[in-house]
>>> print(open('final_32.cif').read())   # mmCIF, N, CA and C atoms
data_upload
loop_
_atom_site.label_atom_id
_atom_site.label_comp_id
_atom_site.auth_asym_id
_atom_site.auth_seq_id
_atom_site.Cartn_x
_atom_site.Cartn_y
_atom_site.Cartn_z
N MET G 418 28.38 59.31 107.83
CA MET G 418 28.26 57.97 107.31
C MET G 418 26.79 57.58 107.30
N VAL G 419 26.38 56.90 106.27
CA VAL G 419 25.01 56.42 106.16
C VAL G 419 24.92 55.07 106.85
N ASN G 420 23.96 54.94 107.76
CA ASN G 420 23.76 53.68 108.47
C ASN G 420 22.79 52.80 107.69
N ILE G 421 23.07 51.52 107.68
CA ILE G 421 22.19 50.53 107.05
C ILE G 421 21.67 49.63 108.16
N SER G 422 20.36 49.57 108.28
CA SER G 422 19.76 48.73 109.33
C SER G 422 18.39 48.27 108.87
N HIS G 423 17.91 47.23 109.51
CA HIS G 423 16.56 46.72 109.26
C HIS G 423 15.80 46.79 110.58
N GLU G 424 14.67 47.47 110.55
CA GLU G 424 13.90 47.64 111.78
C GLU G 424 12.43 47.79 111.43
N THR G 425 11.59 47.60 112.41
CA THR G 425 10.16 47.77 112.20
C THR G 425 9.84 49.26 112.06
N PRO G 426 8.72 49.59 111.47
CA PRO G 426 8.33 51.01 111.41
C PRO G 426 8.23 51.65 112.79
N GLU G 427 7.80 50.89 113.79
CA GLU G 427 7.70 51.41 115.15
C GLU G 427 9.09 51.71 115.73
N ALA G 428 10.03 50.83 115.45
CA ALA G 428 11.40 51.05 115.92
C ALA G 428 12.03 52.25 115.23
N THR G 429 11.74 52.41 113.95
CA THR G 429 12.24 53.58 113.21
C THR G 429 11.68 54.86 113.81
N GLU G 430 10.40 54.87 114.10
CA GLU G 430 9.75 56.04 114.70
C GLU G 430 10.40 56.39 116.04
N ARG G 431 10.60 55.40 116.90
CA ARG G 431 11.24 55.64 118.20
C ARG G 431 12.66 56.19 118.03
N ARG G 432 13.43 55.56 117.13
CA ARG G 432 14.81 55.98 116.93
C ARG G 432 14.88 57.41 116.40
N LEU G 433 14.03 57.73 115.42
CA LEU G 433 14.09 59.06 114.82
C LEU G 433 13.53 60.14 115.75
N LEU G 434 12.54 59.81 116.55
CA LEU G 434 12.09 60.77 117.56
C LEU G 434 13.22 61.06 118.54
N GLN G 435 13.96 60.02 118.94
CA GLN G 435 15.08 60.20 119.87
C GLN G 435 16.20 61.02 119.23
N VAL G 436 16.59 60.67 118.02
CA VAL G 436 17.70 61.37 117.39
C VAL G 436 17.35 62.83 117.10
N THR G 437 16.07 63.11 116.88
CA THR G 437 15.66 64.50 116.66
C THR G 437 15.90 65.35 117.90
N THR G 438 15.74 64.76 119.07
CA THR G 438 16.01 65.52 120.30
C THR G 438 17.49 65.81 120.48
N GLN G 439 18.34 65.10 119.76
CA GLN G 439 19.79 65.32 119.82
C GLN G 439 20.26 66.34 118.78
N ALA G 440 19.38 66.70 117.87
CA ALA G 440 19.74 67.60 116.78
C ALA G 440 19.88 69.04 117.26
N ARG G 441 20.69 69.78 116.56
CA ARG G 441 20.78 71.23 116.76
C ARG G 441 19.96 71.86 115.64
N LEU G 442 18.99 72.65 116.02
CA LEU G 442 18.07 73.28 115.07
C LEU G 442 18.41 74.75 114.90
N GLN G 443 18.44 75.19 113.66
CA GLN G 443 18.59 76.62 113.34
C GLN G 443 17.37 77.03 112.52
N VAL G 444 16.60 77.98 113.02
CA VAL G 444 15.44 78.50 112.30
C VAL G 444 15.83 79.85 111.72
N TYR G 445 15.52 80.06 110.46
CA TYR G 445 15.84 81.31 109.77
C TYR G 445 14.63 82.23 109.78
N SER G 446 14.84 83.48 110.12
CA SER G 446 13.72 84.42 110.21
C SER G 446 13.33 84.98 108.85
N ASP G 447 14.25 85.01 107.91
CA ASP G 447 13.94 85.51 106.56
C ASP G 447 13.15 84.46 105.79
N THR G 448 12.53 84.90 104.70
CA THR G 448 11.96 83.96 103.74
C THR G 448 12.99 83.78 102.62
N TYR G 449 12.89 82.64 101.92
CA TYR G 449 13.87 82.27 100.91
C TYR G 449 13.17 81.86 99.62
N ALA G 450 13.91 81.96 98.53
CA ALA G 450 13.44 81.52 97.22
C ALA G 450 14.64 81.00 96.43
N PHE G 451 14.34 80.30 95.36
CA PHE G 451 15.38 79.83 94.45
C PHE G 451 15.54 80.83 93.31
N LEU G 452 16.76 81.24 93.06
CA LEU G 452 17.10 82.10 91.94
C LEU G 452 17.94 81.29 90.97
N GLU G 453 17.51 81.25 89.71
CA GLU G 453 18.22 80.48 88.70
C GLU G 453 19.08 81.39 87.85
N PHE G 454 20.17 80.84 87.34
CA PHE G 454 20.98 81.54 86.35
C PHE G 454 21.64 80.51 85.44
N PRO G 455 21.99 80.91 84.21
CA PRO G 455 22.55 79.94 83.25
C PRO G 455 23.92 79.43 83.69
N LEU G 456 24.24 78.24 83.24
CA LEU G 456 25.53 77.64 83.57
C LEU G 456 26.68 78.57 83.20
N SER G 457 26.53 79.29 82.11
CA SER G 457 27.61 80.16 81.63
C SER G 457 27.87 81.35 82.56
N ALA G 458 26.93 81.67 83.45
CA ALA G 458 27.10 82.81 84.36
C ALA G 458 27.84 82.44 85.65
N PHE G 459 28.21 81.17 85.79
CA PHE G 459 28.96 80.73 86.97
C PHE G 459 30.43 81.10 86.79
N PRO G 460 31.12 81.59 87.79
CA PRO G 460 30.71 81.78 89.18
C PRO G 460 30.22 83.18 89.49
N GLY G 461 30.25 84.08 88.52
CA GLY G 461 29.94 85.48 88.77
C GLY G 461 28.55 85.75 89.33
N ALA G 462 27.57 84.90 88.99
CA ALA G 462 26.19 85.13 89.44
C ALA G 462 25.90 84.55 90.82
N VAL G 463 26.86 83.86 91.40
CA VAL G 463 26.64 83.28 92.73
C VAL G 463 26.60 84.40 93.76
N ARG G 464 25.54 84.41 94.54
CA ARG G 464 25.41 85.43 95.59
C ARG G 464 26.08 84.97 96.86
N PRO G 465 26.76 85.88 97.55
CA PRO G 465 27.44 85.50 98.79
C PRO G 465 26.50 85.09 99.91
N ASP G 466 25.22 85.47 99.82
CA ASP G 466 24.26 85.09 100.86
C ASP G 466 23.49 83.82 100.51
N ALA G 467 23.86 83.16 99.42
CA ALA G 467 23.20 81.90 99.05
C ALA G 467 23.52 80.83 100.08
N LEU G 468 22.50 80.08 100.49
CA LEU G 468 22.70 78.98 101.43
C LEU G 468 22.97 77.66 100.73
N ALA G 469 22.51 77.55 99.48
CA ALA G 469 22.72 76.31 98.73
C ALA G 469 22.85 76.67 97.25
N LEU G 470 23.61 75.85 96.57
CA LEU G 470 23.87 76.05 95.15
C LEU G 470 23.90 74.68 94.50
N VAL G 471 22.95 74.44 93.59
CA VAL G 471 22.87 73.16 92.88
C VAL G 471 22.62 73.44 91.41
N ARG G 472 22.91 72.44 90.58
CA ARG G 472 22.72 72.63 89.14
C ARG G 472 22.18 71.38 88.49
N ASP G 473 21.61 71.59 87.31
CA ASP G 473 21.27 70.48 86.43
C ASP G 473 22.01 70.72 85.12
N ASP G 474 21.49 70.25 84.00
CA ASP G 474 22.18 70.41 82.72
C ASP G 474 21.98 71.77 82.08
N GLN G 475 21.11 72.61 82.66
CA GLN G 475 20.79 73.89 82.04
C GLN G 475 21.05 75.10 82.92
N VAL G 476 20.78 74.98 84.21
CA VAL G 476 20.87 76.15 85.09
C VAL G 476 21.52 75.81 86.42
N TRP G 477 22.05 76.84 87.05
CA TRP G 477 22.38 76.81 88.46
C TRP G 477 21.17 77.35 89.21
N SER G 478 20.93 76.85 90.39
CA SER G 478 19.83 77.32 91.24
C SER G 478 20.41 77.59 92.62
N GLN G 479 20.21 78.81 93.10
CA GLN G 479 20.74 79.16 94.42
C GLN G 479 19.60 79.55 95.34
N LEU G 480 19.70 79.11 96.57
CA LEU G 480 18.70 79.39 97.60
C LEU G 480 19.14 80.65 98.34
N ILE G 481 18.33 81.70 98.21
CA ILE G 481 18.72 83.02 98.71
C ILE G 481 17.61 83.67 99.53
N PRO G 482 17.98 84.58 100.44
CA PRO G 482 16.94 85.36 101.12
C PRO G 482 16.14 86.15 100.09
N CYS G 483 14.82 86.18 100.28
CA CYS G 483 13.96 86.85 99.31
C CYS G 483 12.63 87.19 99.98
N ASP G 484 12.11 88.39 99.68
CA ASP G 484 10.78 88.75 100.17
C ASP G 484 9.87 89.20 99.02
N ASP G 485 10.23 88.87 97.80
CA ASP G 485 9.45 89.23 96.62
C ASP G 485 8.23 88.32 96.53
N ALA G 486 7.05 88.89 96.71
CA ALA G 486 5.81 88.11 96.71
C ALA G 486 5.53 87.45 95.37
N ASN G 487 6.22 87.84 94.31
CA ASN G 487 6.05 87.20 93.01
C ASN G 487 6.84 85.89 92.90
N GLU G 488 7.69 85.62 93.86
CA GLU G 488 8.46 84.38 93.89
C GLU G 488 7.78 83.36 94.80
N GLU G 489 8.11 82.09 94.61
CA GLU G 489 7.63 81.08 95.54
C GLU G 489 8.52 81.15 96.78
N LEU G 490 7.94 81.58 97.89
CA LEU G 490 8.71 81.84 99.10
C LEU G 490 8.59 80.68 100.08
N PHE G 491 9.68 80.46 100.82
CA PHE G 491 9.76 79.36 101.76
C PHE G 491 10.25 79.84 103.12
N GLY G 492 9.70 79.25 104.18
CA GLY G 492 10.31 79.35 105.49
C GLY G 492 11.39 78.29 105.56
N LEU G 493 12.43 78.55 106.34
CA LEU G 493 13.60 77.67 106.30
C LEU G 493 14.11 77.34 107.69
N PHE G 494 14.55 76.11 107.86
CA PHE G 494 15.24 75.69 109.07
C PHE G 494 16.29 74.66 108.70
N ARG G 495 17.22 74.45 109.63
CA ARG G 495 18.34 73.54 109.36
C ARG G 495 18.58 72.64 110.57
N PHE G 496 18.89 71.37 110.28
CA PHE G 496 19.26 70.41 111.30
C PHE G 496 20.74 70.06 111.17
N HIS G 497 21.44 70.04 112.30
CA HIS G 497 22.76 69.42 112.42
C HIS G 497 22.60 68.30 113.44
N PHE G 498 23.12 67.13 113.11
CA PHE G 498 23.06 66.00 114.03
C PHE G 498 24.45 65.75 114.59
N PRO G 499 24.52 65.24 115.80
CA PRO G 499 25.84 64.94 116.37
C PRO G 499 26.50 63.79 115.62
N ALA G 500 27.82 63.78 115.63
CA ALA G 500 28.57 62.70 114.99
C ALA G 500 28.12 61.36 115.56
N GLY G 501 27.92 60.41 114.68
CA GLY G 501 27.56 59.06 115.10
C GLY G 501 26.08 58.83 115.31
N ALA G 502 25.25 59.87 115.24
CA ALA G 502 23.81 59.69 115.42
C ALA G 502 23.24 58.96 114.21
N ASP G 503 22.44 57.94 114.44
CA ASP G 503 21.83 57.19 113.33
C ASP G 503 20.54 57.89 112.91
N ASN G 504 20.69 58.82 111.98
CA ASN G 504 19.51 59.55 111.49
C ASN G 504 19.09 59.03 110.12
N SER G 505 19.48 57.80 109.78
CA SER G 505 19.09 57.24 108.49
C SER G 505 17.57 57.16 108.39
N GLY G 506 17.04 57.60 107.27
CA GLY G 506 15.60 57.63 107.05
C GLY G 506 14.93 58.89 107.55
N PHE G 507 15.69 59.81 108.14
CA PHE G 507 15.12 61.00 108.76
C PHE G 507 14.35 61.86 107.76
N VAL G 508 14.93 62.11 106.61
CA VAL G 508 14.29 63.01 105.64
C VAL G 508 12.93 62.47 105.21
N GLY G 509 12.88 61.20 104.85
CA GLY G 509 11.60 60.62 104.43
C GLY G 509 10.59 60.58 105.56
N TRP G 510 11.07 60.25 106.75
CA TRP G 510 10.19 60.18 107.92
C TRP G 510 9.57 61.54 108.22
N LEU G 511 10.40 62.57 108.30
CA LEU G 511 9.88 63.89 108.66
C LEU G 511 9.04 64.49 107.53
N ALA G 512 9.46 64.29 106.30
CA ALA G 512 8.66 64.79 105.18
C ALA G 512 7.27 64.14 105.16
N SER G 513 7.21 62.85 105.43
CA SER G 513 5.91 62.16 105.50
C SER G 513 5.07 62.68 106.64
N ARG G 514 5.70 62.94 107.76
CA ARG G 514 4.99 63.49 108.93
C ARG G 514 4.37 64.85 108.58
N PHE G 515 5.14 65.71 107.90
CA PHE G 515 4.61 67.02 107.50
C PHE G 515 3.45 66.87 106.52
N LYS G 516 3.58 65.97 105.57
CA LYS G 516 2.51 65.77 104.58
C LYS G 516 1.24 65.30 105.28
N GLN G 517 1.36 64.37 106.22
CA GLN G 517 0.19 63.84 106.92
C GLN G 517 -0.44 64.89 107.84
N ARG G 518 0.39 65.66 108.56
CA ARG G 518 -0.14 66.61 109.54
C ARG G 518 -0.58 67.94 108.94
N PHE G 519 0.15 68.40 107.93
CA PHE G 519 -0.08 69.76 107.41
C PHE G 519 -0.48 69.80 105.94
N GLY G 520 -0.41 68.67 105.25
CA GLY G 520 -0.77 68.62 103.84
C GLY G 520 0.28 69.17 102.91
N THR G 521 1.45 69.49 103.43
CA THR G 521 2.45 70.14 102.60
C THR G 521 3.62 69.23 102.27
N GLY G 522 4.16 69.47 101.12
CA GLY G 522 5.45 68.89 100.77
C GLY G 522 6.55 69.82 101.28
N VAL G 523 7.78 69.41 101.08
CA VAL G 523 8.94 70.16 101.53
C VAL G 523 10.02 70.08 100.45
N PHE G 524 11.05 70.89 100.59
CA PHE G 524 12.29 70.59 99.89
C PHE G 524 13.37 70.44 100.93
N VAL G 525 14.33 69.60 100.64
CA VAL G 525 15.45 69.37 101.53
C VAL G 525 16.72 69.45 100.71
N THR G 526 17.65 70.26 101.16
CA THR G 526 18.96 70.37 100.53
C THR G 526 19.99 70.01 101.58
N CYS G 527 20.81 69.04 101.27
CA CYS G 527 21.78 68.53 102.25
C CYS G 527 23.19 69.00 101.90
N GLY G 528 23.98 69.13 102.92
CA GLY G 528 25.40 69.42 102.77
C GLY G 528 26.17 68.61 103.79
N GLN G 529 27.47 68.79 103.80
CA GLN G 529 28.30 68.05 104.74
C GLN G 529 29.32 68.97 105.37
N ASN G 530 29.46 68.85 106.68
CA ASN G 530 30.48 69.55 107.44
C ASN G 530 31.11 68.51 108.37
N ARG G 531 32.22 67.95 107.97
CA ARG G 531 32.87 66.88 108.75
C ARG G 531 33.27 67.34 110.14
N LEU G 532 33.50 68.65 110.31
CA LEU G 532 33.92 69.17 111.61
C LEU G 532 32.73 69.37 112.56
N ASP G 533 31.50 69.22 112.03
CA ASP G 533 30.31 69.45 112.85
C ASP G 533 29.30 68.32 112.67
N GLY G 534 29.73 67.10 112.86
CA GLY G 534 28.82 65.97 112.88
C GLY G 534 28.57 65.30 111.54
N GLY G 535 28.89 65.95 110.45
CA GLY G 535 28.67 65.34 109.14
C GLY G 535 27.57 66.03 108.37
N ILE G 536 26.58 65.25 107.92
CA ILE G 536 25.52 65.75 107.06
C ILE G 536 24.63 66.74 107.82
N PHE G 537 24.28 67.83 107.13
CA PHE G 537 23.27 68.76 107.67
C PHE G 537 22.22 68.97 106.60
N ASP G 538 21.02 69.35 107.02
CA ASP G 538 19.87 69.47 106.13
C ASP G 538 19.23 70.84 106.24
N TYR G 539 19.04 71.50 105.10
CA TYR G 539 18.17 72.68 105.04
C TYR G 539 16.79 72.19 104.61
N TRP G 540 15.78 72.63 105.32
CA TRP G 540 14.39 72.27 105.02
C TRP G 540 13.63 73.53 104.65
N GLY G 541 12.89 73.47 103.55
CA GLY G 541 12.03 74.57 103.14
C GLY G 541 10.59 74.14 103.10
N VAL G 542 9.73 74.98 103.62
CA VAL G 542 8.29 74.74 103.61
C VAL G 542 7.60 76.00 103.10
N PRO G 543 6.43 75.85 102.46
CA PRO G 543 5.73 77.03 101.97
C PRO G 543 5.56 78.06 103.09
N VAL G 544 5.80 79.31 102.76
CA VAL G 544 5.78 80.36 103.77
C VAL G 544 4.44 80.43 104.51
N ALA G 545 3.35 80.08 103.84
CA ALA G 545 2.03 80.13 104.48
C ALA G 545 1.91 79.16 105.66
N LEU G 546 2.70 78.08 105.65
CA LEU G 546 2.65 77.10 106.74
C LEU G 546 3.90 77.11 107.61
N ALA G 547 4.83 78.01 107.34
CA ALA G 547 6.13 77.97 108.01
C ALA G 547 6.01 78.02 109.53
N ALA G 548 5.22 78.93 110.07
CA ALA G 548 5.13 79.07 111.53
C ALA G 548 4.59 77.80 112.17
N THR G 549 3.58 77.19 111.57
CA THR G 549 2.98 75.97 112.11
C THR G 549 3.95 74.80 112.04
N VAL G 550 4.63 74.66 110.90
CA VAL G 550 5.58 73.56 110.74
C VAL G 550 6.77 73.75 111.69
N ILE G 551 7.26 74.96 111.80
CA ILE G 551 8.41 75.21 112.68
C ILE G 551 8.04 74.99 114.14
N ALA G 552 6.81 75.28 114.53
CA ALA G 552 6.37 74.96 115.89
C ALA G 552 6.43 73.46 116.13
N GLU G 553 6.03 72.67 115.15
CA GLU G 553 6.11 71.21 115.25
C GLU G 553 7.57 70.76 115.35
N VAL G 554 8.44 71.35 114.54
CA VAL G 554 9.86 71.00 114.56
C VAL G 554 10.46 71.31 115.94
N ASN G 555 10.13 72.47 116.48
CA ASN G 555 10.63 72.82 117.82
C ASN G 555 10.14 71.80 118.85
N ALA G 556 8.89 71.39 118.76
CA ALA G 556 8.35 70.39 119.70
C ALA G 556 9.07 69.05 119.54
N LEU G 557 9.40 68.67 118.33
CA LEU G 557 10.14 67.42 118.11
C LEU G 557 11.53 67.50 118.73
N VAL G 558 12.22 68.61 118.51
CA VAL G 558 13.56 68.77 119.06
C VAL G 558 13.52 68.79 120.58
N GLU G 559 12.48 69.40 121.14
CA GLU G 559 12.33 69.47 122.61
C GLU G 559 11.79 68.18 123.20
N GLY G 560 11.35 67.26 122.33
CA GLY G 560 10.81 65.99 122.82
C GLY G 560 9.41 66.09 123.34
N THR G 561 8.66 67.14 122.94
CA THR G 561 7.30 67.33 123.45
C THR G 561 6.23 67.14 122.38
N ALA G 562 6.62 66.73 121.17
CA ALA G 562 5.64 66.57 120.09
C ALA G 562 4.77 65.35 120.35
N GLY G 563 3.51 65.48 119.93
CA GLY G 563 2.58 64.36 120.11
C GLY G 563 2.55 63.43 118.95
#
>>> encode(input="final_32.cif", output="structure tokens")
Amino acid sequence: MVNISHETPEATERRLLQVTTQARLQVYSDTYAFLEFPLSAFPGAVRPDALALVRDDQVWSQLIPCDDANEELFGLFRFHFPAGADNSGFVGWLASRFKQRFGTGVFVTCGQNRLDGGIFDYWGVPVALAATVIAEVNALVEGTAG
């Protein structure tokens, strides 16, 4: 469920720092890329190892393990939050934090698992910064980030 609240930026920061320590973090050791295929190739072109599958009016795009240096490669991690945790604003907050600290943008792909707290987020960062960003994410989850 999406929470609606009004709070100061300082209160949002405190709440999201706290809720991050409640999150379950999964870091992926492989690198990932997006592979596109035409709408007409669905479902046959879907790879069983795809973590996400989204489409627009022209193509399907699947997020898959990839080590091809000719592709735009990403380091990947995933957050699951406990049921009832107010993580509203989390994506914008953390993406802004990464932009300010590391100069990088991110991609976020969300899904839902009602049996495991609800919404979960896959986060992708450029592979060149993945280790640094993931160290920051681990510190946030552990409650030791500055």
>>> atom_distance(input="final_32.cif", atom1="atom CA of G:Val558", atom2="atom C of G:Leu433")
9.2 Å
>>> closest_residue(input="final_32.cif", among="G:Leu493, G:Leu456, G:Cys527, G:Val444", to="G:Gln475", atoms="only C-alpha atoms")
G:Leu456
>>> resolve_selection(input="final_32.cif", expression="the PyMOL selection byres ((chain G and resi 501) around 8)", output="list of chain:residue names")
G:Met418, G:Phe498, G:Pro499, G:Ala500, G:Ala502, G:Asp503, G:Asn504, G:Gly534, G:Gly535
>>> closest_residue(input="final_32.cif", among="G:Glu430, G:Arg518, G:Arg531, G:Cys483", to="G:Val544", atoms="only C-alpha atoms")
G:Cys483
>>> select_by_dssp(input="final_32.cif", residues="chain G", states="alpha helix (DSSP H)", output="ChimeraX atom specification")
/G:426-439,507-519,547-559
>>> residues_around(input="final_32.cif", residues="G:Asp484", least_positions_apart="4", cutoff="7 Å", atoms="all atoms listed in the file", output="ChimeraX atom specification")
/G:448-450,488
>>> resolve_selection(input="final_32.cif", expression="the PyMOL selection byres ((chain G and resi 457-471) around 8)", output="mmCIF file with N, CA and C atoms, in the frame of the given file")
data_model
loop_
_atom_site.group_PDB
_atom_site.id
_atom_site.type_symbol
_atom_site.label_atom_id
_atom_site.label_comp_id
_atom_site.auth_asym_id
_atom_site.auth_seq_id
_atom_site.Cartn_x
_atom_site.Cartn_y
_atom_site.Cartn_z
ATOM 1 N N PHE G 454 20.170 80.840 87.340
ATOM 2 C CA PHE G 454 20.980 81.540 86.350
ATOM 3 C C PHE G 454 21.640 80.510 85.440
ATOM 4 N N PRO G 455 21.990 80.910 84.210
ATOM 5 C CA PRO G 455 22.550 79.940 83.250
ATOM 6 C C PRO G 455 23.920 79.430 83.690
ATOM 7 N N LEU G 456 24.240 78.240 83.240
ATOM 8 C CA LEU G 456 25.530 77.640 83.570
ATOM 9 C C LEU G 456 26.680 78.570 83.200
ATOM 10 N N ARG G 472 22.910 72.440 90.580
ATOM 11 C CA ARG G 472 22.720 72.630 89.140
ATOM 12 C C ARG G 472 22.180 71.380 88.490
ATOM 13 N N ASP G 473 21.610 71.590 87.310
ATOM 14 C CA ASP G 473 21.270 70.480 86.430
ATOM 15 C C ASP G 473 22.010 70.720 85.120
ATOM 16 N N GLN G 475 21.110 72.610 82.660
ATOM 17 C CA GLN G 475 20.790 73.890 82.040
ATOM 18 C C GLN G 475 21.050 75.100 82.920
ATOM 19 N N VAL G 476 20.780 74.980 84.210
ATOM 20 C CA VAL G 476 20.870 76.150 85.090
ATOM 21 C C VAL G 476 21.520 75.810 86.420
ATOM 22 N N TRP G 477 22.050 76.840 87.050
ATOM 23 C CA TRP G 477 22.380 76.810 88.460
ATOM 24 C C TRP G 477 21.170 77.350 89.210
ATOM 25 N N SER G 478 20.930 76.850 90.390
ATOM 26 C CA SER G 478 19.830 77.320 91.240
ATOM 27 C C SER G 478 20.410 77.590 92.620
ATOM 28 N N GLN G 479 20.210 78.810 93.100
ATOM 29 C CA GLN G 479 20.740 79.160 94.420
ATOM 30 C C GLN G 479 19.600 79.550 95.340
ATOM 31 N N LEU G 480 19.700 79.110 96.570
ATOM 32 C CA LEU G 480 18.700 79.390 97.600
ATOM 33 C C LEU G 480 19.140 80.650 98.340
ATOM 34 N N ILE G 481 18.330 81.700 98.210
ATOM 35 C CA ILE G 481 18.720 83.020 98.710
ATOM 36 C C ILE G 481 17.610 83.670 99.530
ATOM 37 N N PRO G 482 17.980 84.580 100.440
ATOM 38 C CA PRO G 482 16.940 85.360 101.120
ATOM 39 C C PRO G 482 16.140 86.150 100.090
ATOM 40 N N THR G 526 17.650 70.260 101.160
ATOM 41 C CA THR G 526 18.960 70.370 100.530
ATOM 42 C C THR G 526 19.990 70.010 101.580
ATOM 43 N N CYS G 527 20.810 69.040 101.270
ATOM 44 C CA CYS G 527 21.780 68.530 102.250
ATOM 45 C C CYS G 527 23.190 69.000 101.900
#
>>> resolve_selection(input="final_32.cif", expression="the PyMOL selection byres (((chain G and resi 559 and name CA) around 12) and name CA)", output="list of chain:residue names")
G:Leu434, G:Gln435, G:Val436, G:Thr437, G:Thr438, G:Gln439, G:Ala440, G:Arg441, G:Leu442, G:Ala552, G:Glu553, G:Val554, G:Asn555, G:Ala556, G:Leu557, G:Val558, G:Gly560, G:Thr561, G:Ala562, G:Gly563
>>> decode(input="final_32.cif", residues="stretch 533-549 of chain G", atoms="N, CA and C atoms", output="tab-separated table (two decimals), in the first residue's frame")
chain	number	residue	atom	x	y	z
G	533	ASP	N	5.46	-11.37	0.54
G	533	ASP	CA	6.74	-10.96	1.11
G	533	ASP	C	6.80	-9.44	1.27
G	534	GLY	N	5.83	-8.87	1.93
G	534	GLY	CA	5.87	-7.46	2.29
G	534	GLY	C	5.27	-6.51	1.27
G	535	GLY	N	5.08	-6.94	0.05
G	535	GLY	CA	4.50	-6.06	-0.97
G	535	GLY	C	5.50	-5.68	-2.03
G	536	ILE	N	5.66	-4.36	-2.25
G	536	ILE	CA	6.50	-3.85	-3.32
G	536	ILE	C	7.98	-4.17	-3.06
G	537	PHE	N	8.68	-4.58	-4.12
G	537	PHE	CA	10.13	-4.73	-4.05
G	537	PHE	C	10.74	-3.97	-5.21
G	538	ASP	N	11.99	-3.56	-5.06
G	538	ASP	CA	12.67	-2.70	-6.03
G	538	ASP	C	13.98	-3.32	-6.48
G	539	TYR	N	14.17	-3.42	-7.79
G	539	TYR	CA	15.49	-3.70	-8.36
G	539	TYR	C	16.12	-2.36	-8.70
G	540	TRP	N	17.36	-2.19	-8.28
G	540	TRP	CA	18.11	-0.96	-8.55
G	540	TRP	C	19.31	-1.30	-9.42
G	541	GLY	N	19.51	-0.53	-10.49
G	541	GLY	CA	20.67	-0.69	-11.35
G	541	GLY	C	21.51	0.57	-11.35
G	542	VAL	N	22.80	0.38	-11.24
G	542	VAL	CA	23.75	1.49	-11.29
G	542	VAL	C	24.85	1.14	-12.29
G	543	PRO	N	25.46	2.15	-12.92
G	543	PRO	CA	26.53	1.85	-13.87
G	543	PRO	C	27.59	0.95	-13.23
G	544	VAL	N	28.03	-0.04	-13.96
G	544	VAL	CA	28.95	-1.03	-13.41
G	544	VAL	C	30.23	-0.38	-12.87
G	545	ALA	N	30.66	0.73	-13.46
G	545	ALA	CA	31.88	1.40	-13.00
G	545	ALA	C	31.76	1.92	-11.56
G	546	LEU	N	30.54	2.20	-11.10
G	546	LEU	CA	30.33	2.70	-9.74
G	546	LEU	C	29.65	1.69	-8.83
G	547	ALA	N	29.39	0.50	-9.33
G	547	ALA	CA	28.58	-0.46	-8.58
G	547	ALA	C	29.16	-0.77	-7.20
G	548	ALA	N	30.44	-1.05	-7.10
G	548	ALA	CA	31.02	-1.43	-5.80
G	548	ALA	C	30.89	-0.29	-4.79
G	549	THR	N	31.12	0.93	-5.22
G	549	THR	CA	31.04	2.09	-4.33
G	549	THR	C	29.60	2.33	-3.87
